[in-house]
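Source file: model_23.pdb (PDB, C-alpha atoms and all ligand atoms)
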```
MODEL        1
ATOM      1  CA  MET V 288     -48.885  19.536  38.685
ATOM      2  CA  THR V 289     -50.090  20.000  35.093
ATOM      3  CA  VAL V 290     -48.076  18.130  32.507
ATOM      4  CA  HIS V 291     -47.763  20.356  29.461
ATOM      5  CA  LYS V 292     -45.082  18.450  27.602
ATOM      6  CA  ILE V 293     -43.718  14.909  27.862
ATOM      7  CA  ALA V 294     -40.253  13.991  26.662
ATOM      8  CA  VAL V 295     -40.234  10.386  25.486
ATOM      9  CA  ILE V 296     -36.690   9.040  25.404
ATOM     10  CA  GLY V 297     -36.523   6.340  22.745
ATOM     11  CA  SER V 298     -38.600   6.150  19.579
ATOM     12  CA  GLY V 299     -39.034   2.398  19.209
ATOM     13  CA  THR V 300     -42.391   0.639  19.351
ATOM     14  CA  MET V 301     -43.114   1.627  22.944
ATOM     15  CA  GLY V 302     -41.729   5.170  22.820
ATOM     16  CA  SER V 303     -43.593   6.050  19.636
ATOM     17  CA  GLY V 304     -46.792   4.544  21.049
ATOM     18  CA  ILE V 305     -46.472   6.528  24.280
ATOM     19  CA  ALA V 306     -45.886   9.779  22.365
ATOM     20  CA  LEU V 307     -48.879   9.172  20.086
ATOM     21  CA  THR V 308     -51.112   8.391  23.041
ATOM     22  CA  ALA V 309     -50.068  11.594  24.806
ATOM     23  CA  ALA V 310     -50.578  13.659  21.654
ATOM     24  CA  THR V 311     -54.054  12.285  20.948
ATOM     25  CA  ASN V 312     -55.017  13.056  24.543
ATOM     26  CA  GLY V 313     -54.082  16.716  24.304
ATOM     27  CA  ILE V 314     -50.563  16.578  25.743
ATOM     28  CA  ARG V 315     -47.539  17.743  23.781
ATOM     29  CA  ALA V 316     -44.925  15.038  23.300
ATOM     30  CA  VAL V 317     -41.354  15.367  22.120
ATOM     31  CA  VAL V 318     -39.750  12.146  20.913
ATOM     32  CA  VAL V 319     -36.013  11.947  21.517
ATOM     33  CA  ASP V 320     -33.765   9.446  19.758
ATOM     34  CA  ILE V 321     -30.175   9.583  18.554
ATOM     35  CA  SER V 322     -31.139   7.609  15.446
ATOM     36  CA  ASP V 323     -32.612   9.633  12.553
ATOM     37  CA  GLU V 324     -33.826   6.395  11.021
ATOM     38  CA  GLN V 325     -35.793   5.448  14.153
ATOM     39  CA  ILE V 326     -37.253   8.950  14.327
ATOM     40  CA  SER V 327     -38.478   8.843  10.755
ATOM     41  CA  ARG V 328     -40.024   5.428  11.457
ATOM     42  CA  ALA V 329     -41.823   6.901  14.496
ATOM     43  CA  LYS V 330     -43.073   9.860  12.422
ATOM     44  CA  LYS V 331     -44.420   7.532   9.727
ATOM     45  CA  TYR V 332     -46.129   5.392  12.367
ATOM     46  CA  HIS V 333     -47.766   8.493  13.873
ATOM     47  CA  GLN V 334     -48.996   9.768  10.500
ATOM     48  CA  LYS V 335     -50.308   6.353   9.469
ATOM     49  CA  GLN V 336     -52.149   5.791  12.753
ATOM     50  CA  LEU V 337     -53.730   9.254  12.678
ATOM     51  CA  GLU V 338     -54.826   8.783   9.056
ATOM     52  CA  LYS V 339     -56.315   5.396   9.969
ATOM     53  CA  SER V 340     -58.167   6.889  12.931
ATOM     54  CA  VAL V 341     -59.676   9.602  10.712
ATOM     55  CA  ALA V 342     -60.608   7.068   8.013
ATOM     56  CA  LYS V 343     -62.333   4.932  10.671
ATOM     57  CA  GLU V 344     -64.113   8.053  11.987
ATOM     58  CA  ARG V 345     -62.646   7.558  15.438
ATOM     59  CA  ILE V 346     -61.329  11.116  15.360
ATOM     60  CA  THR V 347     -61.956  14.103  13.112
ATOM     61  CA  GLN V 348     -59.379  15.585  10.752
ATOM     62  CA  ASP V 349     -59.130  18.608  13.089
ATOM     63  CA  GLU V 350     -58.336  16.330  16.034
ATOM     64  CA  ALA V 351     -55.693  14.539  13.958
ATOM     65  CA  ASP V 352     -54.160  17.914  13.028
ATOM     66  CA  ILE V 353     -54.043  18.919  16.702
ATOM     67  CA  ALA V 354     -52.355  15.603  17.586
ATOM     68  CA  THR V 355     -49.810  16.142  14.795
ATOM     69  CA  ALA V 356     -49.103  19.638  16.106
ATOM     70  CA  ASN V 357     -48.610  18.170  19.598
ATOM     71  CA  LEU V 358     -45.802  15.927  18.331
ATOM     72  CA  SER V 359     -42.176  16.930  17.812
ATOM     73  CA  TYR V 360     -38.972  14.977  17.244
ATOM     74  CA  LYS V 361     -35.428  15.703  18.410
ATOM     75  CA  THR V 362     -32.106  13.929  18.189
ATOM     76  CA  SER V 363     -30.731  15.293  21.466
ATOM     77  CA  MET V 364     -32.218  15.350  24.963
ATOM     78  CA  GLU V 365     -31.103  18.952  25.493
ATOM     79  CA  GLU V 366     -33.529  20.061  22.768
ATOM     80  CA  ALA V 367     -36.372  18.574  24.827
ATOM     81  CA  ALA V 368     -35.346  20.246  28.101
ATOM     82  CA  ASP V 369     -38.530  22.353  28.277
ATOM     83  CA  ALA V 370     -40.636  19.215  28.921
ATOM     84  CA  ASN V 371     -42.007  18.894  32.460
ATOM     85  CA  TRP V 372     -42.299  15.081  32.414
ATOM     86  CA  ALA V 373     -39.842  12.547  31.041
ATOM     87  CA  VAL V 374     -40.359   8.882  30.309
ATOM     88  CA  GLU V 375     -37.531   6.614  29.296
ATOM     89  CA  ALA V 376     -38.440   3.917  26.755
ATOM     90  CA  ALA V 377     -35.080   2.570  25.628
ATOM     91  CA  THR V 378     -33.926  -1.045  25.292
ATOM     92  CA  GLU V 379     -34.400  -3.380  28.237
ATOM     93  CA  ASN V 380     -30.813  -3.172  29.450
ATOM     94  CA  VAL V 381     -29.954  -1.934  32.922
ATOM     95  CA  ASP V 382     -26.686  -0.201  31.940
ATOM     96  CA  VAL V 383     -28.253   1.579  28.975
ATOM     97  CA  LYS V 384     -31.155   2.733  31.144
ATOM     98  CA  LYS V 385     -28.873   3.924  33.969
ATOM     99  CA  SER V 386     -26.791   6.027  31.610
ATOM    100  CA  ILE V 387     -29.972   7.552  30.133
ATOM    101  CA  PHE V 388     -31.208   8.309  33.653
ATOM    102  CA  LYS V 389     -27.979  10.160  34.483
ATOM    103  CA  LYS V 390     -28.461  12.266  31.374
ATOM    104  CA  MET V 391     -32.148  12.865  32.177
ATOM    105  CA  PHE V 392     -31.106  14.067  35.635
ATOM    106  CA  ASP V 393     -28.667  16.562  34.085
ATOM    107  CA  VAL V 394     -31.069  17.834  31.418
ATOM    108  CA  PHE V 395     -34.504  18.122  33.019
ATOM    109  CA  GLY V 396     -35.586  20.529  35.766
ATOM    110  CA  ASP V 397     -35.550  19.703  39.481
ATOM    111  CA  ASP V 398     -39.282  19.025  39.715
ATOM    112  CA  VAL V 399     -39.616  16.865  36.582
ATOM    113  CA  VAL V 400     -40.756  13.264  37.127
ATOM    114  CA  LEU V 401     -38.320  10.803  35.556
ATOM    115  CA  ALA V 402     -40.422   7.773  34.637
ATOM    116  CA  THR V 403     -39.281   4.536  33.047
ATOM    117  CA  ASN V 404     -41.224   2.193  30.818
ATOM    118  CA  THR V 405     -39.049  -0.736  31.884
ATOM    119  CA  SER V 406     -40.816  -4.103  31.584
ATOM    120  CA  SER V 407     -38.925  -5.829  34.349
ATOM    121  CA  ILE V 408     -35.929  -3.980  35.815
ATOM    122  CA  SER V 409     -35.989  -2.844  39.459
ATOM    123  CA  ILE V 410     -37.063   0.781  39.774
ATOM    124  CA  THR V 411     -35.048   1.108  43.008
ATOM    125  CA  ASP V 412     -31.929  -0.066  41.196
ATOM    126  CA  LEU V 413     -32.462   2.314  38.248
ATOM    127  CA  ALA V 414     -33.133   5.210  40.643
ATOM    128  CA  SER V 415     -29.909   4.496  42.535
ATOM    129  CA  SER V 416     -27.989   5.804  39.509
ATOM    130  CA  ILE V 417     -29.239   9.322  40.360
ATOM    131  CA  PRO V 418     -29.200   9.479  44.190
ATOM    132  CA  LYS V 419     -30.346  13.111  44.365
ATOM    133  CA  ALA V 420     -33.519  12.417  42.408
ATOM    134  CA  GLU V 421     -34.654   8.984  43.604
ATOM    135  CA  HIS V 422     -37.940  10.446  44.852
ATOM    136  CA  ARG V 423     -38.760  11.506  41.253
ATOM    137  CA  VAL V 424     -38.175   8.088  39.647
ATOM    138  CA  ILE V 425     -41.121   5.765  38.978
ATOM    139  CA  GLY V 426     -42.071   2.843  36.759
ATOM    140  CA  MET V 427     -44.745   3.680  34.210
ATOM    141  CA  HIS V 428     -45.113   0.424  32.299
ATOM    142  CA  PHE V 429     -47.210   0.703  29.133
ATOM    143  CA  PHE V 430     -48.342  -2.209  26.955
ATOM    144  CA  ASN V 431     -48.032  -2.819  23.243
ATOM    145  CA  PRO V 432     -49.821  -1.482  21.198
ATOM    146  CA  VAL V 433     -49.828   1.506  23.551
ATOM    147  CA  PRO V 434     -52.700   3.386  21.874
ATOM    148  CA  VAL V 435     -54.932   0.322  22.327
ATOM    149  CA  MET V 436     -53.941  -1.338  25.600
ATOM    150  CA  LYS V 437     -55.624   0.216  28.621
ATOM    151  CA  LEU V 438     -53.114  -0.602  31.348
ATOM    152  CA  VAL V 439     -50.279   1.360  32.905
ATOM    153  CA  GLU V 440     -48.556  -0.717  35.567
ATOM    154  CA  VAL V 441     -47.292   1.806  38.146
ATOM    155  CA  ILE V 442     -44.241   0.744  40.166
ATOM    156  CA  LYS V 443     -42.771   2.757  43.019
ATOM    157  CA  GLY V 444     -39.114   2.408  43.918
ATOM    158  CA  LYS V 445     -38.041   2.388  47.587
ATOM    159  CA  LYS V 446     -37.625   6.156  47.598
ATOM    160  CA  THR V 447     -40.326   7.233  45.134
ATOM    161  CA  SER V 448     -42.365  10.029  46.736
ATOM    162  CA  GLU V 449     -46.131   9.998  47.201
ATOM    163  CA  GLU V 450     -46.243  13.176  45.099
ATOM    164  CA  THR V 451     -44.531  11.419  42.166
ATOM    165  CA  THR V 452     -46.901   8.450  42.464
ATOM    166  CA  ALA V 453     -50.007  10.626  42.617
ATOM    167  CA  ALA V 454     -48.857  12.632  39.585
ATOM    168  CA  THR V 455     -48.210   9.409  37.628
ATOM    169  CA  ILE V 456     -51.736   8.215  38.323
ATOM    170  CA  VAL V 457     -53.185  11.535  37.164
ATOM    171  CA  LEU V 458     -51.097  11.570  33.979
ATOM    172  CA  SER V 459     -51.932   7.939  33.140
ATOM    173  CA  GLU V 460     -55.641   8.747  33.420
ATOM    174  CA  GLN V 461     -55.178  11.891  31.335
ATOM    175  CA  MET V 462     -53.678   9.608  28.668
ATOM    176  CA  GLY V 463     -56.828   7.481  28.741
ATOM    177  CA  LYS V 464     -55.205   4.630  30.664
ATOM    178  CA  THR V 465     -56.027   2.720  33.820
ATOM    179  CA  PRO V 466     -53.115   2.840  36.261
ATOM    180  CA  VAL V 467     -52.707  -0.231  38.481
ATOM    181  CA  PRO V 468     -49.994  -0.479  41.162
ATOM    182  CA  ALA V 469     -47.472  -3.297  41.470
ATOM    183  CA  ASN V 470     -44.519  -3.714  43.816
ATOM    184  CA  ASP V 471     -40.912  -3.501  42.744
ATOM    185  CA  PHE V 472     -40.028  -7.142  42.030
ATOM    186  CA  ALA V 473     -38.296  -8.195  38.791
ATOM    187  CA  GLY V 474     -40.959  -8.456  36.072
ATOM    188  CA  PHE V 475     -43.566  -6.773  38.346
ATOM    189  CA  VAL V 476     -46.958  -8.510  37.893
ATOM    190  CA  SER V 477     -47.450  -8.401  34.125
ATOM    191  CA  ASN V 478     -44.268 -10.111  33.016
ATOM    192  CA  ARG V 479     -44.042 -12.333  36.109
ATOM    193  CA  VAL V 480     -47.242 -13.947  34.851
ATOM    194  CA  LEU V 481     -46.939 -13.485  31.071
ATOM    195  CA  MET V 482     -43.331 -14.550  30.436
ATOM    196  CA  PRO V 483     -43.534 -17.985  32.118
ATOM    197  CA  MET V 484     -46.612 -18.654  29.985
ATOM    198  CA  ILE V 485     -44.771 -17.674  26.798
ATOM    199  CA  ASN V 486     -41.746 -19.734  27.875
ATOM    200  CA  GLU V 487     -43.970 -22.722  28.616
ATOM    201  CA  ALA V 488     -45.432 -22.447  25.119
ATOM    202  CA  PHE V 489     -41.870 -22.721  23.755
ATOM    203  CA  HIS V 490     -41.270 -25.771  25.996
ATOM    204  CA  ALA V 491     -44.494 -27.349  24.712
ATOM    205  CA  TRP V 492     -43.348 -26.739  21.122
ATOM    206  CA  SER V 493     -39.814 -28.095  21.878
ATOM    207  CA  ASP V 494     -41.242 -31.189  23.588
ATOM    208  CA  GLY V 495     -43.470 -31.897  20.578
ATOM    209  CA  VAL V 496     -46.739 -31.375  22.442
ATOM    210  CA  ALA V 497     -48.035 -29.478  19.392
ATOM    211  CA  ASP V 498     -46.767 -27.229  16.603
ATOM    212  CA  PRO V 499     -46.845 -23.414  17.048
ATOM    213  CA  GLU V 500     -50.094 -22.964  15.091
ATOM    214  CA  ALA V 501     -51.852 -25.550  17.255
ATOM    215  CA  ILE V 502     -50.456 -24.144  20.507
ATOM    216  CA  ASP V 503     -51.652 -20.661  19.565
ATOM    217  CA  SER V 504     -55.054 -21.858  18.322
ATOM    218  CA  ILE V 505     -55.620 -23.812  21.523
ATOM    219  CA  MET V 506     -54.837 -20.796  23.703
ATOM    220  CA  LYS V 507     -56.851 -18.405  21.508
ATOM    221  CA  LEU V 508     -59.941 -20.564  21.178
ATOM    222  CA  GLY V 509     -59.733 -22.241  24.569
ATOM    223  CA  CYS V 510     -58.711 -19.309  26.738
ATOM    224  CA  ALA V 511     -60.020 -16.373  24.677
ATOM    225  CA  PHE V 512     -56.600 -14.773  24.233
ATOM    226  CA  PRO V 513     -56.496 -12.262  21.358
ATOM    227  CA  MET V 514     -53.163 -13.781  20.280
ATOM    228  CA  GLY V 515     -51.644 -17.143  21.126
ATOM    229  CA  PRO V 516     -48.499 -17.027  23.302
ATOM    230  CA  LEU V 517     -46.044 -17.760  20.468
ATOM    231  CA  ARG V 518     -47.640 -15.183  18.162
ATOM    232  CA  LEU V 519     -47.534 -12.717  21.070
ATOM    233  CA  ALA V 520     -43.839 -13.493  21.664
ATOM    234  CA  ASP V 521     -43.104 -12.539  18.039
ATOM    235  CA  TYR V 522     -45.194  -9.397  18.480
ATOM    236  CA  ILE V 523     -43.339  -8.360  21.655
ATOM    237  CA  GLY V 524     -39.952  -9.329  20.151
ATOM    238  CA  LEU V 525     -38.158 -12.569  20.984
ATOM    239  CA  ASP V 526     -35.083 -10.644  22.141
ATOM    240  CA  VAL V 527     -37.250  -8.583  24.499
ATOM    241  CA  CYS V 528     -38.850 -11.779  25.879
ATOM    242  CA  ARG V 529     -35.425 -13.352  26.437
ATOM    243  CA  ASP V 530     -34.087 -10.202  28.137
ATOM    244  CA  ILE V 531     -37.113  -9.976  30.453
ATOM    245  CA  MET V 532     -36.780 -13.662  31.385
ATOM    246  CA  MET V 533     -33.090 -13.113  32.229
ATOM    247  CA  VAL V 534     -33.909 -10.052  34.360
ATOM    248  CA  MET V 535     -36.407 -12.224  36.268
ATOM    249  CA  TYR V 536     -33.956 -15.123  36.558
ATOM    250  CA  ASN V 537     -31.251 -12.813  37.962
ATOM    251  CA  GLY V 538     -33.646 -10.764  40.076
ATOM    252  CA  LEU V 539     -35.653 -13.642  41.562
ATOM    253  CA  ASP V 540     -33.002 -15.802  43.239
ATOM    254  CA  GLU V 541     -31.765 -17.366  39.987
ATOM    255  CA  ASN V 542     -34.838 -19.573  39.961
ATOM    256  CA  PRO V 543     -34.333 -21.818  36.877
ATOM    257  CA  LYS V 544     -38.047 -21.658  36.052
ATOM    258  CA  TYR V 545     -37.415 -18.202  34.574
ATOM    259  CA  LEU V 546     -34.571 -19.320  32.254
ATOM    260  CA  PRO V 547     -35.529 -18.884  28.589
ATOM    261  CA  ASN V 548     -36.230 -21.990  26.539
ATOM    262  CA  GLN V 549     -33.383 -23.115  24.226
ATOM    263  CA  LYS V 550     -35.468 -22.711  21.047
ATOM    264  CA  LEU V 551     -36.240 -19.122  22.003
ATOM    265  CA  ILE V 552     -32.529 -18.439  22.614
ATOM    266  CA  GLU V 553     -31.591 -20.017  19.285
ATOM    267  CA  LEU V 554     -34.104 -17.927  17.331
ATOM    268  CA  VAL V 555     -32.710 -14.753  18.947
ATOM    269  CA  GLU V 556     -29.131 -15.811  18.178
ATOM    270  CA  GLN V 557     -30.121 -16.381  14.547
ATOM    271  CA  GLY V 558     -31.491 -12.821  14.410
ATOM    272  CA  HIS V 559     -35.089 -14.062  14.137
ATOM    273  CA  LEU V 560     -36.674 -11.609  16.550
ATOM    274  CA  GLY V 561     -40.317 -11.760  15.438
ATOM    275  CA  ASP V 562     -42.436  -9.178  13.621
ATOM    276  CA  LYS V 563     -39.669  -6.578  13.549
ATOM    277  CA  THR V 564     -37.278  -8.770  11.530
ATOM    278  CA  GLY V 565     -39.932 -10.554   9.456
ATOM    279  CA  GLN V 566     -39.128 -13.920  11.026
ATOM    280  CA  GLY V 567     -39.561 -15.327  14.505
ATOM    281  CA  VAL V 568     -41.608 -18.354  15.452
ATOM    282  CA  TYR V 569     -43.558 -17.488  12.292
ATOM    283  CA  ASN V 570     -42.500 -16.007   8.967
ATOM    284  CA  TYR V 571     -44.014 -12.589   8.181
ATOM    285  CA  GLU V 572     -42.115 -11.780   5.014
ATOM    286  CA  LYS V 573     -45.136 -12.436   2.815
ATOM    287  CA  GLY V 574     -47.258 -10.297   5.148
TER     288      GLY V 574
HETATM  289  N1  LIG B 601     -51.043   1.142  17.057
HETATM  290  C1  LIG B 601     -52.242   1.731  17.189
HETATM  291  N2  LIG B 601     -53.402   1.080  17.042
HETATM  292  C2  LIG B 601     -53.345  -0.226  16.727
HETATM  293  C3  LIG B 601     -52.139  -0.915  16.565
HETATM  294  C4  LIG B 601     -50.940  -0.180  16.744
HETATM  295  N3  LIG B 601     -49.742  -0.725  16.634
HETATM  296  N4  LIG B 601     -52.397  -2.209  16.257
HETATM  297  C5  LIG B 601     -53.735  -2.336  16.225
HETATM  298  N5  LIG B 601     -54.305  -1.143  16.516
HETATM  299  C6  LIG B 601     -55.734  -0.850  16.589
HETATM  300  C7  LIG B 601     -56.375  -0.946  15.231
HETATM  301  O1  LIG B 601     -56.298   0.285  14.540
HETATM  302  C8  LIG B 601     -57.803  -1.301  15.599
HETATM  303  O2  LIG B 601     -58.490  -0.124  15.984
HETATM  304  P1  LIG B 601     -60.090   0.037  15.743
HETATM  305  O3  LIG B 601     -60.742  -1.077  16.497
HETATM  306  O4  LIG B 601     -60.422   1.383  16.268
HETATM  307  O5  LIG B 601     -60.280  -0.098  14.291
HETATM  308  C9  LIG B 601     -57.648  -2.162  16.854
HETATM  309  O6  LIG B 601     -56.348  -1.865  17.383
HETATM  310  C10 LIG B 601     -57.736  -3.630  16.551
HETATM  311  O7  LIG B 601     -56.764  -3.929  15.578
HETATM  312  P2  LIG B 601     -56.976  -4.916  14.371
HETATM  313  O8  LIG B 601     -58.421  -4.946  13.982
HETATM  314  O9  LIG B 601     -55.960  -4.591  13.330
HETATM  315  O10 LIG B 601     -56.476  -6.322  14.914
HETATM  316  P3  LIG B 601     -56.936  -7.189  16.134
HETATM  317  O11 LIG B 601     -58.389  -7.071  16.431
HETATM  318  O12 LIG B 601     -56.356  -8.504  15.832
HETATM  319  O13 LIG B 601     -56.158  -6.543  17.371
HETATM  320  C11 LIG B 601     -54.307  -6.324  18.814
HETATM  321  C12 LIG B 601     -54.772  -6.362  17.361
HETATM  322  C13 LIG B 601     -54.907  -5.107  19.514
HETATM  323  C14 LIG B 601     -52.786  -6.209  18.787
HETATM  324  C15 LIG B 601     -54.800  -7.653  19.517
HETATM  325  O14 LIG B 601     -54.368  -8.764  18.786
HETATM  326  C16 LIG B 601     -54.283  -7.792  20.933
HETATM  327  O15 LIG B 601     -54.828  -7.226  21.871
HETATM  328  N6  LIG B 601     -53.217  -8.599  21.089
HETATM  329  C17 LIG B 601     -52.596  -8.826  22.408
HETATM  330  C18 LIG B 601     -51.657  -7.688  22.697
HETATM  331  C19 LIG B 601     -51.005  -7.846  24.041
HETATM  332  O16 LIG B 601     -51.162  -8.815  24.763
HETATM  333  N7  LIG B 601     -50.184  -6.855  24.369
HETATM  334  C20 LIG B 601     -49.391  -6.874  25.591
HETATM  335  C21 LIG B 601     -48.026  -7.352  25.266
HETATM  336  S1  LIG B 601     -47.005  -7.436  26.690
HETATM  337  C22 LIG B 601     -46.341  -5.908  26.808
HETATM  338  O17 LIG B 601     -46.518  -5.025  26.000
HETATM  339  C23 LIG B 601     -45.491  -5.673  28.012
HETATM  340  C24 LIG B 601     -44.044  -5.734  27.712
HETATM  341  O18 LIG B 601     -43.355  -5.468  28.913
HETATM  342  C25 LIG B 601     -43.562  -7.035  27.127
ENDMDL
END
```
Produce structure tokens that represent the structure in this file.
Amino acid sequence: MTVHKIAVIGSGTMGSGIALTAATNGIRAVVVDISDEQISRAKKYHQKQLEKSVAKERITQDEADIATANLSYKTSMEEAADANWAVEAATENVDVKKSIFKKMFDVFGDDVVLATNTSSISITDLASSIPKAEHRVIGMHFFNPVPVMKLVEVIKGKKTSEETTAATIVLSEQMGKTPVPANDFAGFVSNRVLMPMINEAFHAWSDGVADPEAIDSIMKLGCAFPMGPLRLADYIGLDVCRDIMMVMYNGLDENPKYLPNQKLIELVEQGHLGDKTGQGVYNYEKG
């Protein structure tokens, strides 16, 4: 199966990154979002990244022009119905994702793979919202920033077909990524390991073990992480971290070790979500 056009449902950080990565690897990508504001943010991000890549001589101006031509933006899924691959990249909420999946089932053709970029939610559960197409549903979990991070975590649901899985591996490689399989447990591998570390960093801060700068410096310099865990939490989004931890808590026998730290919850409740709001663990308002 040759993928000629990917519909990316959701134009937030992950959706816009997935679309850009497809476009720079020679695959047309249509970004779908009901919000005009989000779409114009995605467009600006695409233009800025392509300009940066040309300035850094990573790609030529011609290649940037081809990538731009590969990208399109629509405010309704119906306008993207000619795509032969769809990937959902909406907020990490099971009800929102299930209603998007029902719509994807109605809009896209019978042989289109319906992938989800969920970070933690059961693929089998999401697929159960469209019983006639469960074999075409698969987890295709990208990492932020998508154009840079090499991994796609590939998660089969109970009824995902071998054909869907094989096609996902091929497409991930075509997008310059390394697909690695994980089984369908809440949080898969990546967040099962990453989120407890981030949460523990919040506990260490709350307990007064060290301040955020020291915690991050220790983990950067001592463990060679590109970002410390608290800086990374801001980068991912504190609301996203909390939601993933709750999906793991609910999906893994309500084990209290997955419950988000109180300081993390408080920051989210105050609207301090990290980079995207200018304030999280750290303040970014002055850049
Ligand atoms: N989009 C595209 N490219 C980007 C980018 C973005 N948003 N941000 C950075 N880049 C590129 C830069 O252009 C630069 O490219 P170049 O080397 O060709 O010039 C390169 O990445 C390095 O960027 P910088 O020099 O600006 O900065 P750093 O060297 O500090 O790297 C970083 C930035 C790549 C974000 C690095 O800090 C990093 O790897 N951080 C960890 C990120 C991480 O762990 N991500 C996973 C999060 S978990 C997740 O996504 C799963 C979810 O389920 C929660």
Exercise: Leu519 (chain V) partners within 10 Å, only C-alpha atoms, chain neighbours under 4 positions left out, as JSON, numbers by chain: {"V": [485, 503, 512, 513, 514, 515, 523, 524, 525, 528, 561, 562, 568]}
Distance filter 9 Å around ligand LIG 601 (chain B), atoms: all atoms listed in the file, out as a ChimeraX atom specification: /V:300-301,304,307-308,332-333,336-337,339-340,343-345,404-407,428-436,474,477-478,481-482,512-516,519-520,522-524,527-528,531
Neighbouring residues of region 390-400 of chain V were defined as those with any atom within 12 Å, considering only C-alpha atoms; residues of the same chain fewer than 3 positions away were excluded. Please report them as number ranges by chain. V: 288-296, 319, 363-375, 383-387, 403, 414-427, 447-455, 458
For the residues in the current selection, export C-alpha atoms as a PDB file, in the frame of the given file.
```
ATOM      1  CA  MET V 288     -48.885  19.536  38.685  1.00  0.00           C
ATOM      2  CA  THR V 289     -50.090  20.000  35.093  1.00  0.00           C
ATOM      3  CA  VAL V 290     -48.076  18.130  32.507  1.00  0.00           C
ATOM      4  CA  HIS V 291     -47.763  20.356  29.461  1.00  0.00           C
ATOM      5  CA  LYS V 292     -45.082  18.450  27.602  1.00  0.00           C
ATOM      6  CA  ILE V 293     -43.718  14.909  27.862  1.00  0.00           C
ATOM      7  CA  ALA V 294     -40.253  13.991  26.662  1.00  0.00           C
ATOM      8  CA  VAL V 295     -40.234  10.386  25.486  1.00  0.00           C
ATOM      9  CA  ILE V 296     -36.690   9.040  25.404  1.00  0.00           C
ATOM     10  CA  VAL V 319     -36.013  11.947  21.517  1.00  0.00           C
ATOM     11  CA  SER V 363     -30.731  15.293  21.466  1.00  0.00           C
ATOM     12  CA  MET V 364     -32.218  15.350  24.963  1.00  0.00           C
ATOM     13  CA  GLU V 365     -31.103  18.952  25.493  1.00  0.00           C
ATOM     14  CA  GLU V 366     -33.529  20.061  22.768  1.00  0.00           C
ATOM     15  CA  ALA V 367     -36.372  18.574  24.827  1.00  0.00           C
ATOM     16  CA  ALA V 368     -35.346  20.246  28.101  1.00  0.00           C
ATOM     17  CA  ASP V 369     -38.530  22.353  28.277  1.00  0.00           C
ATOM     18  CA  ALA V 370     -40.636  19.215  28.921  1.00  0.00           C
ATOM     19  CA  ASN V 371     -42.007  18.894  32.460  1.00  0.00           C
ATOM     20  CA  TRP V 372     -42.299  15.081  32.414  1.00  0.00           C
ATOM     21  CA  ALA V 373     -39.842  12.547  31.041  1.00  0.00           C
ATOM     22  CA  VAL V 374     -40.359   8.882  30.309  1.00  0.00           C
ATOM     23  CA  GLU V 375     -37.531   6.614  29.296  1.00  0.00           C
ATOM     24  CA  VAL V 383     -28.253   1.579  28.975  1.00  0.00           C
ATOM     25  CA  LYS V 384     -31.155   2.733  31.144  1.00  0.00           C
ATOM     26  CA  LYS V 385     -28.873   3.924  33.969  1.00  0.00           C
ATOM     27  CA  SER V 386     -26.791   6.027  31.610  1.00  0.00           C
ATOM     28  CA  ILE V 387     -29.972   7.552  30.133  1.00  0.00           C
ATOM     29  CA  THR V 403     -39.281   4.536  33.047  1.00  0.00           C
ATOM     30  CA  ALA V 414     -33.133   5.210  40.643  1.00  0.00           C
ATOM     31  CA  SER V 415     -29.909   4.496  42.535  1.00  0.00           C
ATOM     32  CA  SER V 416     -27.989   5.804  39.509  1.00  0.00           C
ATOM     33  CA  ILE V 417     -29.239   9.322  40.360  1.00  0.00           C
ATOM     34  CA  PRO V 418     -29.200   9.479  44.190  1.00  0.00           C
ATOM     35  CA  LYS V 419     -30.346  13.111  44.365  1.00  0.00           C
ATOM     36  CA  ALA V 420     -33.519  12.417  42.408  1.00  0.00           C
ATOM     37  CA  GLU V 421     -34.654   8.984  43.604  1.00  0.00           C
ATOM     38  CA  HIS V 422     -37.940  10.446  44.852  1.00  0.00           C
ATOM     39  CA  ARG V 423     -38.760  11.506  41.253  1.00  0.00           C
ATOM     40  CA  VAL V 424     -38.175   8.088  39.647  1.00  0.00           C
ATOM     41  CA  ILE V 425     -41.121   5.765  38.978  1.00  0.00           C
ATOM     42  CA  GLY V 426     -42.071   2.843  36.759  1.00  0.00           C
ATOM     43  CA  MET V 427     -44.745   3.680  34.210  1.00  0.00           C
ATOM     44  CA  THR V 447     -40.326   7.233  45.134  1.00  0.00           C
ATOM     45  CA  SER V 448     -42.365  10.029  46.736  1.00  0.00           C
ATOM     46  CA  GLU V 449     -46.131   9.998  47.201  1.00  0.00           C
ATOM     47  CA  GLU V 450     -46.243  13.176  45.099  1.00  0.00           C
ATOM     48  CA  THR V 451     -44.531  11.419  42.166  1.00  0.00           C
ATOM     49  CA  THR V 452     -46.901   8.450  42.464  1.00  0.00           C
ATOM     50  CA  ALA V 453     -50.007  10.626  42.617  1.00  0.00           C
ATOM     51  CA  ALA V 454     -48.857  12.632  39.585  1.00  0.00           C
ATOM     52  CA  THR V 455     -48.210   9.409  37.628  1.00  0.00           C
ATOM     53  CA  LEU V 458     -51.097  11.570  33.979  1.00  0.00           C
TER      54      LEU V 458
END
```
Just the residues within 9 Å of Gly538 (chain V), please, counting only C-alpha atoms, with nothing from its chain fewer than 3 positions along; format it as a ChimeraX atom specification. /V:408-409,472-474,533-535,541-542
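The two atoms in question, CA of Ile442 (chain V) and CA of Asp471 (chain V), are spaced 6.0 Å apart.
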For Leu517 (chain V), please output as a list of chain:residue names all residues within 9 Å (counting only C-alpha atoms; exclusion window: fewer than 6 positions along the same chain). V:Ile485, V:Asn486, V:Ala488, V:Phe489, V:Pro499, V:Glu500, V:Ile502, V:Asp503, V:Val568, V:Tyr569
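Closest approach to Ala356 (chain V) from the set V:Ser322, V:Asn548, V:Ser327, V:Thr311 is made by V:Thr311, with distances taken over all atoms listed in the file.
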